[in-house]
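A.B. asks: First the structure, which I've put down as structure tokens, then a few questions once you've had a look.
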Amino acid sequence: MDIREEKLYLAPLYNRFPLSIVKGEGVYVFDENNNRYLDFASGIAVNSLGYAHPKIIEAVSSQVRKLTHISNLYYTEPQVELAKRLVKLSGLDKVFFCNSGTEAIEASLKFSRRWGKEKKKYKFISTLNSFHGRTMGSLSVTGQKKYQEPFEPLIEGVTFIEFNDTKALEEELRKGDYCAVILEPIQGEGGINPARQEFIETARYLCDKYDTLLIFDEVQTGIGRTGKMFAFQHFNVIPDMLALAKGLGGGLPIGATVINSKVTESLHYGDHASTFGGNPLVTSVASVVIEEIEKLLPHINEVGNFLGKLLKEKIAPLDDVLDVRGIGLMYGIDTKSNARSICERCIEERLLVITCGKNTVRIVPPLVINEQEIEEGVYILEKVIKGGI
């Protein structure tokens with residue numbers, strides 16, 4: 001394809017890398033000249049089972065022959081089956097399906113206000129450097145001015161505190177008019193910044209104490225990315241609401257807001273809806289994805305530990321590297337250089353990595369990656385950062 005045509009026909013919203021991808025297989029993708037690239041980005045943490053996974057192909061083929069869409073005016077078995085899996089795995093009670101991460105966050109915000117309406121609680125607490133999406137509600141709780149400023153004024157009633165600051169959290173909650181606190185257990189777009197155990201535990205305690213809902217945004221961290229099905233399981237703290245998307249569909253668009261009984265009791269028919277949410281095609285595939293990732297969890301922990309060890313041995317000591325941090329198959333590398341330029345040089349050497357923030361290189365490969373493939377990618381990354389290519 002002529003990539004110059006993109007400027008003729010598509011809205012100018014994406015600063016794309018100069019690469020046209022036409023197919024994928026396993027943890028590799030191929031351009032139109034059949035050049036092969038090792039993928040350490042997985043469609044921004046979406047393609048959890050890699051490319052052309054036989055179970056996904058089978059699930060799509062089987063379901064598309066039967067039913068792709070019928071709307072939520074009727075019952076469908078794939079939707080109920082996926083909801084049942086998410087409830088059992090999360091320890092929560094009910095599921096609302098939508099089509100993306102930002103929609104899952106929007107639902108959680110609406111549900112919070114519905115729950116808080118009779119209590120006269122409508123405000124939210126979020127954290128600086130967070131990222132929760134680009135629609136108006138999710139953007140309003142995103143703690144990065146660069147995303148917010150072009151669209152102000154945003155939705156009122158949002159207070160931002162420093163991530164991991166338990167004192168600031170309690171000072172705000174004491175005011176009594178907050179319906180929810182929204183947190184990422186690991187900040188993704190903000191640079192792969194893990195929450196401290198104390199902060200997550202205290203957030204749960206304070207939300208209970210001050211009668212406020214606790215929302216975990218696991219759009220990026222959920223569905224096996226960190227070595228557990230959900231990142232909150234590392235902290236042994238259960239939220240009132242959980243927002244999921246990205247890896248849940250294994251490449252198909254799906255979002256889910258999983259809620260507890262306290263939230264469920266405040267909802268009424270018609271409070272929220274989604275035309276395409278939870279359609280039979282995406283829910284049948286997502287059930288297969290979850291089933292496969294459950295079996296993969298020991299593998300994710302093993303190769304995740306291998307990745308972390310290799311990054312600390314090979315990448316952390318480099319002069320241009322400030323910090324390496326992460327868990328499972330989700331790592332960030334802070335550099336002195338511009339992170340995008342590192343990504344561009346990696347593309348030249350057939351490796352895909354992406355950024356999160358100006359100076360952080362993000363590594364989120366498919367969860368099926370093996371140690372040999374990890375070594376291949378880290379070797380390229382090391383040479384690029386050294387400037388040896």
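We name chains A, B, ... following the order of the structure tokens; residues begin at 1 in each chain, and ligands are numbered from 1 as shown.
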Could you write out, as an MDAnalysis selection string, all the residues of stretch 222-291 of chain A that DSSP marks as helix (DSSP H, G or I)?

C.D. replies: chainID A and resid 231:234 246:249 261:264 280:291

A.B. asks: Just want the 12 Å neighbourhood of A:Val80, counted on only C-alpha atoms, with same-chain residues fewer than 6 positions away dropped. Output as JSON, numbers by chain.

C.D. replies: {"A": [72, 74, 86, 87, 94, 95, 96, 97, 278, 279, 280, 283, 284, 286, 287]}

A.B. asks: Which is closer to A:Leu139 than all the others in A:Ala168, A:Leu109, A:Ile315, A:Ile200, using only C-alpha atoms?

C.D. replies: A:Leu109

A.B. asks: Show which residues sit within 9 Å of A:Ser42, as a PyMOL selection string. Count only C-alpha atoms, and ignore same-chain residues fewer than 3 positions away.

C.D. replies: chain A and resi 27+39+45-51+352-353+364-367

A.B. asks: Please give the complete set of residues from stretch 178-310 of chain A that DSSP, run on the backbone, assigns to strand (DSSP E), formatted as number ranges by chain.

C.D. replies: A: 178-183, 186-187, 193-194, 213-217, 241-244, 255-259

A.B. asks: Please dump the current selection as an mmCIF file, in the first residue's frame; keep C-alpha atoms.

C.D. replies:
```cif
data_model
loop_
_atom_site.group_PDB
_atom_site.id
_atom_site.type_symbol
_atom_site.label_atom_id
_atom_site.label_comp_id
_atom_site.auth_asym_id
_atom_site.auth_seq_id
_atom_site.Cartn_x
_atom_site.Cartn_y
_atom_site.Cartn_z
ATOM 1 C CA TYR A 178 -16.626 11.378 46.885
ATOM 2 C CA CYS A 179 -18.473 8.541 45.211
ATOM 3 C CA ALA A 180 -15.348 6.726 43.975
ATOM 4 C CA VAL A 181 -11.581 6.469 43.870
ATOM 5 C CA ILE A 182 -10.147 5.250 40.563
ATOM 6 C CA LEU A 183 -6.664 3.718 40.465
ATOM 7 C CA ILE A 186 0.227 -0.351 37.732
ATOM 8 C CA GLN A 187 0.161 2.916 35.815
ATOM 9 C CA ASN A 193 4.671 2.567 37.631
ATOM 10 C CA PRO A 194 3.538 -0.083 40.147
ATOM 11 C CA LEU A 213 -16.314 2.942 45.885
ATOM 12 C CA LEU A 214 -12.894 1.692 44.774
ATOM 13 C CA ILE A 215 -12.405 1.257 41.019
ATOM 14 C CA PHE A 216 -9.385 -0.528 39.571
ATOM 15 C CA ASP A 217 -8.539 0.275 35.968
ATOM 16 C CA MET A 241 -15.441 -2.265 40.253
ATOM 17 C CA LEU A 242 -12.940 -3.556 37.715
ATOM 18 C CA ALA A 243 -12.486 -2.169 34.188
ATOM 19 C CA LEU A 244 -11.111 -4.567 31.569
ATOM 20 C CA GLY A 255 -14.551 -4.056 27.208
ATOM 21 C CA ALA A 256 -16.023 -5.167 30.516
ATOM 22 C CA THR A 257 -16.919 -3.497 33.799
ATOM 23 C CA VAL A 258 -17.120 -6.067 36.582
ATOM 24 C CA ILE A 259 -18.988 -4.902 39.699
#
```

A.B. asks: Got a sec: who's within 12 Å of A:Tyr28, counting only C-alpha atoms, leaving out chain neighbours fewer than 5 positions off, as a PDB file with C-alpha atoms, in the first residue's frame?

C.D. replies:
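After the write, selection_33.pdb holds the following:
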```
ATOM      1  CA  ILE A  21       1.707  -4.642   8.717  1.00  0.00           C
ATOM      2  CA  VAL A  22      -0.185  -7.236   6.677  1.00  0.00           C
ATOM      3  CA  LYS A  23      -0.124 -10.450   8.738  1.00  0.00           C
ATOM      4  CA  ASN A  34       7.365 -10.070   3.928  1.00  0.00           C
ATOM      5  CA  ASN A  35       9.964  -8.688   6.326  1.00  0.00           C
ATOM      6  CA  ARG A  36       9.505 -10.287   9.739  1.00  0.00           C
ATOM      7  CA  TYR A  37       9.406  -8.292  13.007  1.00  0.00           C
ATOM      8  CA  LEU A  38       9.537  -9.624  16.547  1.00  0.00           C
ATOM      9  CA  ASP A  39       6.611  -8.021  18.383  1.00  0.00           C
ATOM     10  CA  PHE A  40       7.276  -6.650  21.867  1.00  0.00           C
ATOM     11  CA  ALA A  41       4.160  -4.445  21.639  1.00  0.00           C
ATOM     12  CA  SER A  42       1.282  -6.861  20.859  1.00  0.00           C
ATOM     13  CA  GLY A  43      -1.032  -4.168  19.529  1.00  0.00           C
ATOM     14  CA  ASN A  47      -2.832  -9.533  21.227  1.00  0.00           C
ATOM     15  CA  LEU A  49      -2.183 -14.948  22.454  1.00  0.00           C
ATOM     16  CA  GLY A  50      -0.100 -13.530  19.620  1.00  0.00           C
ATOM     17  CA  TYR A  51      -1.116 -13.852  15.985  1.00  0.00           C
ATOM     18  CA  ALA A  52      -3.069 -16.540  14.112  1.00  0.00           C
ATOM     19  CA  HIS A  53      -3.558 -18.550  17.304  1.00  0.00           C
ATOM     20  CA  ARG A 350      12.990  -5.825  13.001  1.00  0.00           C
ATOM     21  CA  LEU A 351      11.812  -5.329  16.590  1.00  0.00           C
ATOM     22  CA  LEU A 352       8.586  -3.585  17.607  1.00  0.00           C
ATOM     23  CA  PRO A 365       4.863  -8.811  24.189  1.00  0.00           C
ATOM     24  CA  PRO A 366       2.275 -11.511  23.504  1.00  0.00           C
ATOM     25  CA  VAL A 368       2.871 -16.826  24.462  1.00  0.00           C
ATOM     26  CA  ILE A 369       6.445 -15.554  23.948  1.00  0.00           C
ATOM     27  CA  GLU A 373      12.344 -14.893  21.550  1.00  0.00           C
ATOM     28  CA  ILE A 374      12.837 -12.688  24.606  1.00  0.00           C
ATOM     29  CA  GLU A 376      16.346 -12.092  20.562  1.00  0.00           C
ATOM     30  CA  GLY A 377      14.402  -8.923  21.381  1.00  0.00           C
TER      31      GLY A 377
END
```

A.B. asks: Name the closest residue to A:Ala273 among the candidates A:Leu67, A:Leu169, A:Cys98, A:Ala203; distances are taken between atoms, counting only C-alpha atoms.

C.D. replies: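 The shortest atom-to-atom distance to A:Ala273 comes from A:Cys98.
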
A.B. asks: Which residues are close to A:Lys120, i.e. within 12 Å by only C-alpha atoms, leaving aside same-chain residues fewer than 5 positions away? Reply as a count of residues only.

C.D. replies: 10

A.B. asks: Identify which of the residues A:Val282, A:Leu267, A:Ile44, A:Met1 lies closest to A:Gln63, counting only C-alpha atoms when measuring atom-to-atom distances.

C.D. replies: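 Distance minimum relative to A:Gln63 lands on A:Val282.
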
A.B. asks: Smallest atom-to-atom distance to A:Pro298: which of A:Lys228, A:Glu103, A:Glu313, A:Glu348, using only C-alpha atoms?

C.D. replies: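 The closest residue to A:Pro298 is A:Lys228.
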
A.B. asks: One decimal, Å: what's the distance from atom CA of A:Arg196 over to atom CA of A:Gly304, could you say?

C.D. replies: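 Computing the Euclidean distance for atom CA of A:Arg196 and atom CA of A:Gly304 yields 19.6 Å.
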
A.B. asks: Using only C-alpha atoms, find the one residue out of A:Leu8, A:Leu281, A:Ile3, A:Leu19 that sits nearest to A:Ser71.

C.D. replies: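 Among A:Leu8, A:Leu281, A:Ile3, A:Leu19, it is A:Leu281 that comes nearest to A:Ser71.
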
A.B. asks: Choose the residue, out of A:Pro239, A:Ile57, A:Val219, A:Val324, that has the smallest atom-to-atom separation from A:Gly91; count only C-alpha atoms.

C.D. replies: A:Pro239

A.B. asks: Set the distance at 9 Å and use only C-alpha atoms: which residues neighbour A:Gly308 once local chain neighbours fewer than 2 positions away are removed? I'd like the list as a ChimeraX atom specification.

C.D. replies: /A:303-306,310-313,324-329,331

A.B. asks: With C-alpha atoms kept, could you save the residues just selected as a PDB file, in the first residue's frame?

C.D. replies:
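out00.pdb written:
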```pdb
ATOM      1  CA  VAL A 303       9.200 -15.980  31.090  1.00  0.00           C
ATOM      2  CA  GLY A 304       8.311 -12.742  32.893  1.00  0.00           C
ATOM      3  CA  ASN A 305      10.980 -13.452  35.509  1.00  0.00           C
ATOM      4  CA  PHE A 306      13.394 -14.277  32.696  1.00  0.00           C
ATOM      5  CA  LEU A 310      17.638 -10.095  31.373  1.00  0.00           C
ATOM      6  CA  LEU A 311      16.564  -6.446  31.301  1.00  0.00           C
ATOM      7  CA  LYS A 312      18.312  -5.794  34.598  1.00  0.00           C
ATOM      8  CA  GLU A 313      21.476  -7.547  33.409  1.00  0.00           C
ATOM      9  CA  VAL A 324      13.947  -0.536  34.454  1.00  0.00           C
ATOM     10  CA  ARG A 325      10.764  -1.605  36.218  1.00  0.00           C
ATOM     11  CA  GLY A 326       7.809  -3.884  35.757  1.00  0.00           C
ATOM     12  CA  ILE A 327       6.285  -7.269  36.453  1.00  0.00           C
ATOM     13  CA  GLY A 328       5.242 -10.281  34.401  1.00  0.00           C
ATOM     14  CA  LEU A 329       5.336  -9.314  30.717  1.00  0.00           C
ATOM     15  CA  TYR A 331       8.084  -3.515  31.595  1.00  0.00           C
TER      16      TYR A 331
END
```

A.B. asks: Would you mind listing what lies within 12 Å of A:Glu170 as a VMD selection string, with only C-alpha atoms counted and same-chain residues fewer than 3 positions away left out?

C.D. replies: chain A and resid 125 161 164 to 167 173 to 176 178 181 199 202 to 210 212
